[in-house]
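Structure file coords24.cif (mmCIF, C-alpha atoms and all ligand atoms) follows.
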```
data_run
loop_
_atom_site.group_PDB
_atom_site.id
_atom_site.type_symbol
_atom_site.label_atom_id
_atom_site.label_comp_id
_atom_site.auth_asym_id
_atom_site.auth_seq_id
_atom_site.Cartn_x
_atom_site.Cartn_y
_atom_site.Cartn_z
ATOM 1 C CA MET X 1 12.540 54.162 -4.860
ATOM 2 C CA PRO X 2 9.117 54.486 -3.196
ATOM 3 C CA GLU X 3 8.811 53.255 0.380
ATOM 4 C CA SER X 4 6.611 50.327 -0.687
ATOM 5 C CA THR X 5 9.305 48.775 -2.923
ATOM 6 C CA LYS X 6 12.295 49.171 -0.586
ATOM 7 C CA PRO X 7 14.048 45.869 0.248
ATOM 8 C CA GLU X 8 12.684 44.178 3.327
ATOM 9 C CA SER X 9 16.043 44.448 5.144
ATOM 10 C CA THR X 10 15.478 48.182 5.550
ATOM 11 C CA LYS X 11 12.186 47.449 7.289
ATOM 12 C CA PRO X 12 12.943 45.304 10.339
ATOM 13 C CA GLU X 13 9.308 45.439 11.387
ATOM 14 C CA LEU X 14 8.445 43.174 8.418
ATOM 15 C CA THR X 15 10.941 40.466 9.345
ATOM 16 C CA ASN X 16 9.342 37.211 10.351
ATOM 17 C CA GLU X 17 10.244 33.526 10.272
ATOM 18 C CA THR X 18 9.009 32.884 6.738
ATOM 19 C CA ILE X 19 10.814 35.899 5.305
ATOM 20 C CA ARG X 20 14.006 34.876 7.093
ATOM 21 C CA LEU X 21 13.687 31.347 5.663
ATOM 22 C CA LEU X 22 13.189 32.682 2.144
ATOM 23 C CA LYS X 23 16.196 34.964 2.528
ATOM 24 C CA ARG X 24 18.531 32.193 3.606
ATOM 25 C CA ARG X 25 17.287 29.409 1.274
ATOM 26 C CA ARG X 26 19.962 28.206 -1.113
ATOM 27 C CA SER X 27 20.441 25.167 -3.298
ATOM 28 C CA LEU X 28 23.347 22.772 -2.876
ATOM 29 C CA LYS X 29 24.725 20.195 -5.294
ATOM 30 C CA PRO X 30 23.113 16.761 -4.876
ATOM 31 C CA PHE X 31 26.394 15.344 -3.480
ATOM 32 C CA ASN X 32 26.091 17.844 -0.619
ATOM 33 C CA LEU X 33 22.650 16.505 0.307
ATOM 34 C CA ILE X 34 23.056 13.582 2.658
ATOM 35 C CA ALA X 35 20.933 11.208 4.731
ATOM 36 C CA PRO X 36 18.770 11.140 6.690
ATOM 37 C CA GLY X 37 16.038 12.230 4.336
ATOM 38 C CA PRO X 38 12.513 13.106 5.396
ATOM 39 C CA THR X 39 10.674 10.629 7.593
ATOM 40 C CA PRO X 40 7.471 9.125 6.156
ATOM 41 C CA GLU X 41 5.443 11.619 8.223
ATOM 42 C CA GLU X 42 7.543 14.542 7.020
ATOM 43 C CA LEU X 43 7.266 13.339 3.442
ATOM 44 C CA THR X 44 3.483 13.242 3.704
ATOM 45 C CA ASP X 45 3.517 16.804 5.025
ATOM 46 C CA LEU X 46 5.926 17.978 2.330
ATOM 47 C CA LEU X 47 3.833 16.556 -0.490
ATOM 48 C CA THR X 48 0.616 17.801 1.082
ATOM 49 C CA VAL X 49 1.838 21.391 1.201
ATOM 50 C CA ALA X 50 3.542 21.080 -2.183
ATOM 51 C CA ALA X 51 0.115 20.274 -3.633
ATOM 52 C CA ARG X 52 -1.450 23.357 -1.985
ATOM 53 C CA VAL X 53 -0.739 25.739 -4.816
ATOM 54 C CA PRO X 54 -2.828 28.055 -6.945
ATOM 55 C CA ASP X 55 -4.380 25.931 -9.686
ATOM 56 C CA HIS X 56 -6.642 27.719 -12.175
ATOM 57 C CA GLY X 57 -9.652 25.524 -12.858
ATOM 58 C CA LYS X 58 -8.668 23.084 -10.079
ATOM 59 C CA LEU X 59 -7.283 20.731 -12.713
ATOM 60 C CA VAL X 60 -4.475 19.310 -10.533
ATOM 61 C CA PRO X 61 -2.207 19.465 -13.588
ATOM 62 C CA TRP X 62 0.746 17.833 -11.867
ATOM 63 C CA ARG X 63 1.715 14.741 -9.885
ATOM 64 C CA PHE X 64 4.723 13.320 -8.029
ATOM 65 C CA ILE X 65 7.097 10.405 -8.572
ATOM 66 C CA LEU X 66 9.262 9.530 -5.560
ATOM 67 C CA PHE X 67 12.773 8.128 -5.889
ATOM 68 C CA GLN X 68 13.980 6.630 -2.627
ATOM 69 C CA GLY X 69 16.293 3.849 -1.431
ATOM 70 C CA ALA X 70 17.425 1.336 -4.043
ATOM 71 C CA ALA X 71 14.971 2.731 -6.611
ATOM 72 C CA ARG X 72 17.292 5.752 -6.947
ATOM 73 C CA GLU X 73 19.979 3.432 -8.290
ATOM 74 C CA ARG X 74 17.500 1.817 -10.670
ATOM 75 C CA ALA X 75 16.728 5.277 -12.083
ATOM 76 C CA GLY X 76 20.459 5.792 -12.584
ATOM 77 C CA ARG X 77 20.774 2.475 -14.424
ATOM 78 C CA LEU X 78 17.903 3.506 -16.722
ATOM 79 C CA ALA X 79 19.675 6.810 -17.427
ATOM 80 C CA LEU X 80 22.934 4.985 -18.152
ATOM 81 C CA GLU X 81 21.236 2.543 -20.553
ATOM 82 C CA ILE X 82 19.961 5.481 -22.602
ATOM 83 C CA LYS X 83 23.328 7.226 -22.589
ATOM 84 C CA LEU X 84 25.067 4.015 -23.655
ATOM 85 C CA ALA X 85 22.589 3.509 -26.492
ATOM 86 C CA ASP X 86 23.610 6.951 -27.771
ATOM 87 C CA ASP X 87 27.323 6.487 -27.104
ATOM 88 C CA PRO X 88 28.616 2.988 -26.359
ATOM 89 C CA SER X 89 32.104 4.401 -25.726
ATOM 90 C CA LEU X 90 30.933 6.528 -22.801
ATOM 91 C CA SER X 91 33.793 7.232 -20.389
ATOM 92 C CA GLN X 92 33.911 5.548 -16.999
ATOM 93 C CA ALA X 93 33.398 8.925 -15.269
ATOM 94 C CA ALA X 94 30.328 9.666 -17.388
ATOM 95 C CA ARG X 95 28.931 6.193 -16.644
ATOM 96 C CA GLU X 96 29.420 6.797 -12.932
ATOM 97 C CA ALA X 97 27.718 10.204 -13.188
ATOM 98 C CA GLU X 98 24.625 8.575 -14.709
ATOM 99 C CA LEU X 99 24.544 5.734 -12.205
ATOM 100 C CA THR X 100 24.630 8.157 -9.276
ATOM 101 C CA ARG X 101 22.405 10.797 -10.850
ATOM 102 C CA PHE X 102 19.462 10.061 -8.540
ATOM 103 C CA ALA X 103 21.346 8.294 -5.758
ATOM 104 C CA GLN X 104 23.142 11.122 -3.986
ATOM 105 C CA ALA X 105 20.402 12.891 -2.042
ATOM 106 C CA PRO X 106 18.296 10.493 0.050
ATOM 107 C CA LEU X 107 15.110 11.635 -1.672
ATOM 108 C CA VAL X 108 14.350 12.890 -5.155
ATOM 109 C CA VAL X 109 10.841 14.024 -5.982
ATOM 110 C CA ALA X 110 9.953 14.354 -9.644
ATOM 111 C CA VAL X 111 7.251 16.976 -10.097
ATOM 112 C CA VAL X 112 5.436 15.928 -13.256
ATOM 113 C CA SER X 113 3.384 18.426 -15.231
ATOM 114 C CA ARG X 114 0.180 16.941 -16.653
ATOM 115 C CA ALA X 115 -0.659 20.138 -18.530
ATOM 116 C CA ALA X 116 -2.942 19.489 -21.485
ATOM 117 C CA PRO X 117 -5.124 21.520 -23.835
ATOM 118 C CA HIS X 118 -8.258 22.730 -22.053
ATOM 119 C CA ALA X 119 -11.259 24.724 -23.207
ATOM 120 C CA LYS X 120 -10.743 27.500 -20.642
ATOM 121 C CA ILE X 121 -7.384 27.144 -18.891
ATOM 122 C CA PRO X 122 -4.262 27.859 -20.954
ATOM 123 C CA GLU X 123 -1.544 25.222 -20.770
ATOM 124 C CA TRP X 124 0.882 27.999 -19.795
ATOM 125 C CA GLU X 125 -1.046 28.477 -16.542
ATOM 126 C CA GLN X 126 -1.040 24.747 -15.861
ATOM 127 C CA LEU X 127 2.759 24.708 -16.311
ATOM 128 C CA LEU X 128 3.159 27.670 -13.981
ATOM 129 C CA SER X 129 1.171 25.794 -11.366
ATOM 130 C CA ALA X 130 3.675 22.898 -11.610
ATOM 131 C CA GLY X 131 6.480 25.404 -11.001
ATOM 132 C CA ALA X 132 4.635 26.585 -7.918
ATOM 133 C CA VAL X 133 4.479 22.962 -6.707
ATOM 134 C CA CYS X 134 8.266 22.705 -7.081
ATOM 135 C CA MET X 135 8.768 25.901 -5.119
ATOM 136 C CA ASN X 136 6.315 24.994 -2.346
ATOM 137 C CA LEU X 137 8.105 21.679 -1.938
ATOM 138 C CA THR X 138 11.460 23.458 -1.840
ATOM 139 C CA ILE X 139 10.322 25.949 0.775
ATOM 140 C CA ALA X 140 8.590 23.332 2.922
ATOM 141 C CA ALA X 141 11.670 21.102 2.897
ATOM 142 C CA THR X 142 13.814 24.090 3.877
ATOM 143 C CA ALA X 143 11.445 24.798 6.761
ATOM 144 C CA LEU X 144 12.055 21.251 8.050
ATOM 145 C CA GLY X 145 15.831 21.785 8.007
ATOM 146 C CA TYR X 146 16.559 20.099 4.675
ATOM 147 C CA VAL X 147 18.311 21.612 1.702
ATOM 148 C CA THR X 148 17.118 21.044 -1.845
ATOM 149 C CA THR X 149 18.148 21.506 -5.403
ATOM 150 C CA TRP X 150 15.758 21.725 -8.338
ATOM 151 C CA LEU X 151 17.316 20.079 -11.365
ATOM 152 C CA THR X 152 16.183 19.066 -14.802
ATOM 153 C CA GLU X 153 19.235 18.140 -16.931
ATOM 154 C CA TRP X 154 18.947 15.841 -19.950
ATOM 155 C CA CYS X 155 16.762 13.292 -18.169
ATOM 156 C CA ALA X 156 13.908 15.773 -17.923
ATOM 157 C CA TYR X 157 13.802 16.212 -21.682
ATOM 158 C CA ASP X 158 14.506 12.719 -22.992
ATOM 159 C CA PRO X 159 11.324 10.894 -24.084
ATOM 160 C CA ARG X 160 13.018 7.512 -23.502
ATOM 161 C CA PHE X 161 13.792 8.360 -19.885
ATOM 162 C CA ALA X 162 10.304 9.826 -19.451
ATOM 163 C CA ALA X 163 8.760 6.565 -20.667
ATOM 164 C CA ALA X 164 11.124 4.503 -18.502
ATOM 165 C CA ILE X 165 9.963 6.252 -15.321
ATOM 166 C CA GLY X 166 6.301 6.010 -16.278
ATOM 167 C CA LEU X 167 5.387 9.350 -17.819
ATOM 168 C CA ALA X 168 2.493 9.446 -20.278
ATOM 169 C CA GLY X 169 3.121 11.021 -23.687
ATOM 170 C CA HIS X 170 1.807 14.462 -22.750
ATOM 171 C CA GLU X 171 3.488 14.596 -19.319
ATOM 172 C CA ARG X 172 6.679 16.563 -18.679
ATOM 173 C CA ILE X 173 9.163 16.855 -15.851
ATOM 174 C CA ALA X 174 8.859 20.254 -14.147
ATOM 175 C CA GLY X 175 11.748 19.383 -11.905
ATOM 176 C CA PHE X 176 13.611 16.729 -10.021
ATOM 177 C CA ILE X 177 13.746 18.109 -6.469
ATOM 178 C CA HIS X 178 16.694 16.555 -4.616
ATOM 179 C CA ILE X 179 16.227 16.735 -0.833
ATOM 180 C CA GLY X 180 18.649 15.965 1.987
ATOM 181 C CA ARG X 181 20.558 17.274 4.971
ATOM 182 C CA PRO X 182 23.384 19.656 4.059
ATOM 183 C CA ASN X 183 26.964 18.522 4.642
ATOM 184 C CA VAL X 184 28.351 21.992 3.916
ATOM 185 C CA GLU X 185 27.300 25.556 4.621
ATOM 186 C CA ALA X 186 25.996 27.262 1.494
ATOM 187 C CA SER X 187 27.135 30.797 0.812
ATOM 188 C CA ASP X 188 24.740 33.017 -1.065
ATOM 189 C CA ARG X 189 25.051 33.875 -4.729
ATOM 190 C CA PRO X 190 24.476 37.327 -6.243
ATOM 191 C CA ARG X 191 20.795 38.218 -6.419
ATOM 192 C CA PRO X 192 19.196 40.651 -8.840
ATOM 193 C CA ALA X 193 19.073 44.262 -7.687
ATOM 194 C CA LEU X 194 15.466 45.353 -7.384
ATOM 195 C CA GLU X 195 16.328 48.506 -9.326
ATOM 196 C CA GLU X 196 16.991 46.276 -12.338
ATOM 197 C CA ILE X 197 13.810 44.245 -12.234
ATOM 198 C CA VAL X 198 11.167 46.607 -10.837
ATOM 199 C CA THR X 199 9.380 49.304 -12.755
ATOM 200 C CA ILE X 200 6.577 51.402 -11.400
ATOM 201 C CA PHE X 201 3.538 51.660 -13.647
ATOM 202 C CA GLU X 202 2.745 55.336 -13.500
ATOM 203 C CA ALA X 203 -0.730 56.837 -13.126
HETATM 204 C C1 LIG X 301 13.215 24.632 -13.841
HETATM 205 C C2 LIG X 301 14.631 24.677 -13.315
HETATM 206 C C3 LIG X 301 15.552 23.742 -13.754
HETATM 207 C C4 LIG X 301 16.857 23.761 -13.310
HETATM 208 N N1 LIG X 301 17.725 22.827 -13.773
HETATM 209 C C5 LIG X 301 19.000 22.879 -13.404
HETATM 210 C C6 LIG X 301 19.919 21.915 -13.915
HETATM 211 O O1 LIG X 301 19.549 21.020 -14.678
HETATM 212 N N2 LIG X 301 21.205 22.022 -13.521
HETATM 213 C C7 LIG X 301 21.634 23.017 -12.664
HETATM 214 O O2 LIG X 301 22.833 23.072 -12.353
HETATM 215 N N3 LIG X 301 20.776 23.918 -12.139
HETATM 216 C C8 LIG X 301 19.484 23.875 -12.488
HETATM 217 N N4 LIG X 301 18.602 24.781 -11.962
HETATM 218 C C9 LIG X 301 19.084 25.807 -11.000
HETATM 219 C C10 LIG X 301 19.187 25.256 -9.573
HETATM 220 O O3 LIG X 301 17.961 24.676 -9.206
HETATM 221 C C11 LIG X 301 19.452 26.317 -8.475
HETATM 222 O O4 LIG X 301 18.297 27.017 -8.273
HETATM 223 C C12 LIG X 301 20.537 27.288 -8.742
HETATM 224 O O5 LIG X 301 21.642 26.677 -9.275
HETATM 225 C C13 LIG X 301 20.987 27.998 -7.444
HETATM 226 O O6 LIG X 301 20.081 28.916 -7.046
HETATM 227 P P1 LIG X 301 19.461 28.961 -5.563
HETATM 228 O O7 LIG X 301 20.548 28.686 -4.578
HETATM 229 O O8 LIG X 301 18.872 30.315 -5.445
HETATM 230 O O9 LIG X 301 18.392 27.880 -5.523
HETATM 231 C C14 LIG X 301 17.267 24.757 -12.377
HETATM 232 C C15 LIG X 301 16.337 25.685 -11.903
HETATM 233 C C16 LIG X 301 15.035 25.656 -12.372
HETATM 234 C C17 LIG X 301 14.052 26.675 -11.859
#
```
Could you write out this structure as structure tokens?
Amino acid sequence: MPESTKPESTKPELTNETIRLLKRRRSLKPFNLIAPGPTPEELTDLLTVAARVPDHGKLVPWRFILFQGAARERAGRLALEIKLADDPSLSQAAREAELTRFAQAPLVVAVVSRAAPHAKIPEWEQLLSAGAVCMNLTIAATALGYVTTWLTEWCAYDPRFAAAIGLAGHERIAGFIHIGRPNVEASDRPRPALEEIVTIFEA
């Protein structure tokens, strides 16, 4: 493998705080994300940097919905209502799972894609920009000592839930980013070997 594509760990001179953060970042399950969540000042910072992403055409094709405090339980009740409409015999455990869906981590940020047809900017690029928002938010929260998990699950794809939380017809959930303090240490998971995902385009 050429020198320029060797993993960073073999090049200690490249190690810095941001690289170290990216190397240790891991998701945890929402039930492992506990209070306290971000302060109002931290939240402003998190959303400010989350919105500082590449955005072809400067369309701002995304927005945020915040789920905090008792509103997290309201979101769970909305999810349960939909599930019960589909299956009135839903088990008690499944009902509980819906009710607590947004109420485990102290903060859940929905990143909403507003991608729409545009004369010059493909919708694909607008969607990618929403993904970048999710990742900036994840990294920024990690930098402040929080742990996150980026989830979608059925709620992200159900038009009834989308309408219930205020999405317009063309809007889509890019991710629900659950944010809290970790109550366990996360061990890493296997990561792709660079040999398997890197090819060199030859001259
Ligand atoms: C767009 C998107 C949606 C995801 N939705 C889910 C989900 O619904 N449920 C789930 O268990 N993991 C989901 N994940 C994966 C987790 O966010 C998490 O990244 C992964 O389980 C652990 O990887 P990490 O520790 O490197 O973050 C999703 C990831 C992405 C990028």
Expansion of the PyMOL selection byres (((chain X and resi 179) around 10) and not hetatm) into residues, as a PyMOL selection string: chain X and resi 27-28+30+32-38+104-109+137-138+141-142+146-150+176-178+180-182
Just the selected residues (C-alpha atoms), exported as a PDB file, in the frame of the given file, please.
```
ATOM      1  CA  SER X  27      20.441  25.167  -3.298  1.00  0.00           C
ATOM      2  CA  LEU X  28      23.347  22.772  -2.876  1.00  0.00           C
ATOM      3  CA  PRO X  30      23.113  16.761  -4.876  1.00  0.00           C
ATOM      4  CA  ASN X  32      26.091  17.844  -0.619  1.00  0.00           C
ATOM      5  CA  LEU X  33      22.650  16.505   0.307  1.00  0.00           C
ATOM      6  CA  ILE X  34      23.056  13.582   2.658  1.00  0.00           C
ATOM      7  CA  ALA X  35      20.933  11.208   4.731  1.00  0.00           C
ATOM      8  CA  PRO X  36      18.770  11.140   6.690  1.00  0.00           C
ATOM      9  CA  GLY X  37      16.038  12.230   4.336  1.00  0.00           C
ATOM     10  CA  PRO X  38      12.513  13.106   5.396  1.00  0.00           C
ATOM     11  CA  GLN X 104      23.142  11.122  -3.986  1.00  0.00           C
ATOM     12  CA  ALA X 105      20.402  12.891  -2.042  1.00  0.00           C
ATOM     13  CA  PRO X 106      18.296  10.493   0.050  1.00  0.00           C
ATOM     14  CA  LEU X 107      15.110  11.635  -1.672  1.00  0.00           C
ATOM     15  CA  VAL X 108      14.350  12.890  -5.155  1.00  0.00           C
ATOM     16  CA  VAL X 109      10.841  14.024  -5.982  1.00  0.00           C
ATOM     17  CA  LEU X 137       8.105  21.679  -1.938  1.00  0.00           C
ATOM     18  CA  THR X 138      11.460  23.458  -1.840  1.00  0.00           C
ATOM     19  CA  ALA X 141      11.670  21.102   2.897  1.00  0.00           C
ATOM     20  CA  THR X 142      13.814  24.090   3.877  1.00  0.00           C
ATOM     21  CA  TYR X 146      16.559  20.099   4.675  1.00  0.00           C
ATOM     22  CA  VAL X 147      18.311  21.612   1.702  1.00  0.00           C
ATOM     23  CA  THR X 148      17.118  21.044  -1.845  1.00  0.00           C
ATOM     24  CA  THR X 149      18.148  21.506  -5.403  1.00  0.00           C
ATOM     25  CA  TRP X 150      15.758  21.725  -8.338  1.00  0.00           C
ATOM     26  CA  PHE X 176      13.611  16.729 -10.021  1.00  0.00           C
ATOM     27  CA  ILE X 177      13.746  18.109  -6.469  1.00  0.00           C
ATOM     28  CA  HIS X 178      16.694  16.555  -4.616  1.00  0.00           C
ATOM     29  CA  GLY X 180      18.649  15.965   1.987  1.00  0.00           C
ATOM     30  CA  ARG X 181      20.558  17.274   4.971  1.00  0.00           C
ATOM     31  CA  PRO X 182      23.384  19.656   4.059  1.00  0.00           C
TER      32      PRO X 182
END
```
Counting all atoms listed in the file, the residue of X:Ala164, X:Leu66, X:Leu59, X:Leu84 that sits nearest His118 of chain X: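 Of all the options, X:Leu59 lies closest to His118 of chain X.
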Explicit residues for the PyMOL selection byres (((not hetatm)) within 12 of (chain X and resi 301)) (as a PyMOL selection string): chain X and resi 22-30+101+110-113+127-128+130-135+138-139+142+147-157+172-179+185-192
Using the selection just defined, write its residues with C-alpha atoms as an mmCIF file, in the coordinates of the input.
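Output contents, as saved in part33.cif:
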```
data_model
loop_
_atom_site.group_PDB
_atom_site.id
_atom_site.type_symbol
_atom_site.label_atom_id
_atom_site.label_comp_id
_atom_site.auth_asym_id
_atom_site.auth_seq_id
_atom_site.Cartn_x
_atom_site.Cartn_y
_atom_site.Cartn_z
ATOM 1 C CA LEU X 22 13.189 32.682 2.144
ATOM 2 C CA LYS X 23 16.196 34.964 2.528
ATOM 3 C CA ARG X 24 18.531 32.193 3.606
ATOM 4 C CA ARG X 25 17.287 29.409 1.274
ATOM 5 C CA ARG X 26 19.962 28.206 -1.113
ATOM 6 C CA SER X 27 20.441 25.167 -3.298
ATOM 7 C CA LEU X 28 23.347 22.772 -2.876
ATOM 8 C CA LYS X 29 24.725 20.195 -5.294
ATOM 9 C CA PRO X 30 23.113 16.761 -4.876
ATOM 10 C CA ARG X 101 22.405 10.797 -10.850
ATOM 11 C CA ALA X 110 9.953 14.354 -9.644
ATOM 12 C CA VAL X 111 7.251 16.976 -10.097
ATOM 13 C CA VAL X 112 5.436 15.928 -13.256
ATOM 14 C CA SER X 113 3.384 18.426 -15.231
ATOM 15 C CA LEU X 127 2.759 24.708 -16.311
ATOM 16 C CA LEU X 128 3.159 27.670 -13.981
ATOM 17 C CA ALA X 130 3.675 22.898 -11.610
ATOM 18 C CA GLY X 131 6.480 25.404 -11.001
ATOM 19 C CA ALA X 132 4.635 26.585 -7.918
ATOM 20 C CA VAL X 133 4.479 22.962 -6.707
ATOM 21 C CA CYS X 134 8.266 22.705 -7.081
ATOM 22 C CA MET X 135 8.768 25.901 -5.119
ATOM 23 C CA THR X 138 11.460 23.458 -1.840
ATOM 24 C CA ILE X 139 10.322 25.949 0.775
ATOM 25 C CA THR X 142 13.814 24.090 3.877
ATOM 26 C CA VAL X 147 18.311 21.612 1.702
ATOM 27 C CA THR X 148 17.118 21.044 -1.845
ATOM 28 C CA THR X 149 18.148 21.506 -5.403
ATOM 29 C CA TRP X 150 15.758 21.725 -8.338
ATOM 30 C CA LEU X 151 17.316 20.079 -11.365
ATOM 31 C CA THR X 152 16.183 19.066 -14.802
ATOM 32 C CA GLU X 153 19.235 18.140 -16.931
ATOM 33 C CA TRP X 154 18.947 15.841 -19.950
ATOM 34 C CA CYS X 155 16.762 13.292 -18.169
ATOM 35 C CA ALA X 156 13.908 15.773 -17.923
ATOM 36 C CA TYR X 157 13.802 16.212 -21.682
ATOM 37 C CA ARG X 172 6.679 16.563 -18.679
ATOM 38 C CA ILE X 173 9.163 16.855 -15.851
ATOM 39 C CA ALA X 174 8.859 20.254 -14.147
ATOM 40 C CA GLY X 175 11.748 19.383 -11.905
ATOM 41 C CA PHE X 176 13.611 16.729 -10.021
ATOM 42 C CA ILE X 177 13.746 18.109 -6.469
ATOM 43 C CA HIS X 178 16.694 16.555 -4.616
ATOM 44 C CA ILE X 179 16.227 16.735 -0.833
ATOM 45 C CA GLU X 185 27.300 25.556 4.621
ATOM 46 C CA ALA X 186 25.996 27.262 1.494
ATOM 47 C CA SER X 187 27.135 30.797 0.812
ATOM 48 C CA ASP X 188 24.740 33.017 -1.065
ATOM 49 C CA ARG X 189 25.051 33.875 -4.729
ATOM 50 C CA PRO X 190 24.476 37.327 -6.243
ATOM 51 C CA ARG X 191 20.795 38.218 -6.419
ATOM 52 C CA PRO X 192 19.196 40.651 -8.840
#
```
Near-Glu98 of chain X list (6 Å; only C-alpha atoms; drop same-chain fewer than 5 positions) as a PDB file with C-alpha atoms, in the frame of the given file:
```pdb
ATOM      1  CA  GLY X  76      20.459   5.792 -12.584  1.00  0.00           C
ATOM      2  CA  ALA X  79      19.675   6.810 -17.427  1.00  0.00           C
ATOM      3  CA  LEU X  80      22.934   4.985 -18.152  1.00  0.00           C
TER       4      LEU X  80
END
```
Of the listed residues X:Ala143, X:Ala97, X:Phe67, X:Arg20, that which approaches Val49 of chain X most closely, counting only C-alpha atoms: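 Closest candidate: X:Ala143.
Atom CA of Leu46 of chain X is found 9.0 Å from atom CA of Leu144 of chain X.
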Selection result for the PyMOL selection byres (((chain X and resi 54) around 8) and not hetatm) on this file, as a PyMOL selection string: chain X and resi 52-53+55-56+129+132
Draw an axis-aligned box over all listed atoms of segment 190-202 of chain X, pad each side with 4 Å, and write its centre and edge lengths in Å, one decimal, as lines of an AutoDock Vina configuration file.
```
center_x = 13.6
center_y = 46.3
center_z = -9.9
size_x = 29.7
size_y = 26.0
size_z = 15.4
```
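Taking all atoms listed in the file into account, Leu78 of chain X lies nearest to X:Leu99 out of the set X:Ala93, X:Leu99, X:Ile121, X:Ile197.
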Residue among X:Pro122, X:Asn16, X:Glu42, X:Ser91 lying closest to Gly145 of chain X, counting all atoms listed in the file: X:Glu42
One-decimal distance in Å that lies between atom CA of Lys120 of chain X and atom CA of Ala163 of chain X: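 Computing it gives 28.6 Å between the two atoms.
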Serialized segment 127-138 of chain X w/ N, CA, C and O atoms as a short mmCIF file (atom, residue, chain, number, x, y, z; two decimals), in the first residue's frame:
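Printed below is result_37.cif as written:
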```
data_model
loop_
_atom_site.label_atom_id
_atom_site.label_comp_id
_atom_site.auth_asym_id
_atom_site.auth_seq_id
_atom_site.Cartn_x
_atom_site.Cartn_y
_atom_site.Cartn_z
N LEU X 127 -29.70 15.39 -0.25
CA LEU X 127 -29.81 14.33 0.77
C LEU X 127 -28.46 14.07 1.43
O LEU X 127 -28.37 13.89 2.65
N LEU X 128 -27.41 14.07 0.62
CA LEU X 128 -26.07 13.86 1.18
C LEU X 128 -25.73 14.95 2.18
O LEU X 128 -25.10 14.71 3.22
N SER X 129 -26.16 16.16 1.88
CA SER X 129 -25.88 17.28 2.78
C SER X 129 -26.58 17.05 4.13
O SER X 129 -26.01 17.34 5.19
N ALA X 130 -27.79 16.47 4.11
CA ALA X 130 -28.49 16.16 5.37
C ALA X 130 -27.72 15.10 6.15
O ALA X 130 -27.65 15.15 7.39
N GLY X 131 -27.12 14.14 5.45
CA GLY X 131 -26.29 13.14 6.13
C GLY X 131 -25.09 13.80 6.80
O GLY X 131 -24.71 13.43 7.91
N ALA X 132 -24.53 14.79 6.10
CA ALA X 132 -23.39 15.51 6.68
C ALA X 132 -23.81 16.27 7.94
O ALA X 132 -23.05 16.34 8.91
N VAL X 133 -25.03 16.79 7.94
CA VAL X 133 -25.55 17.47 9.15
C VAL X 133 -25.60 16.48 10.31
O VAL X 133 -25.15 16.77 11.43
N CYS X 134 -26.12 15.28 10.04
CA CYS X 134 -26.20 14.26 11.09
C CYS X 134 -24.81 13.96 11.64
O CYS X 134 -24.62 13.83 12.86
N MET X 135 -23.84 13.85 10.75
CA MET X 135 -22.50 13.46 11.20
C MET X 135 -21.82 14.61 11.93
O MET X 135 -21.14 14.39 12.94
N ASN X 136 -22.01 15.84 11.46
CA ASN X 136 -21.42 16.98 12.19
C ASN X 136 -21.99 17.06 13.60
O ASN X 136 -21.25 17.31 14.57
N LEU X 137 -23.30 16.84 13.71
CA LEU X 137 -23.93 16.88 15.03
C LEU X 137 -23.36 15.78 15.92
O LEU X 137 -23.05 16.00 17.10
N THR X 138 -23.20 14.61 15.35
CA THR X 138 -22.65 13.46 16.09
C THR X 138 -21.24 13.76 16.58
O THR X 138 -20.90 13.53 17.75
#
```
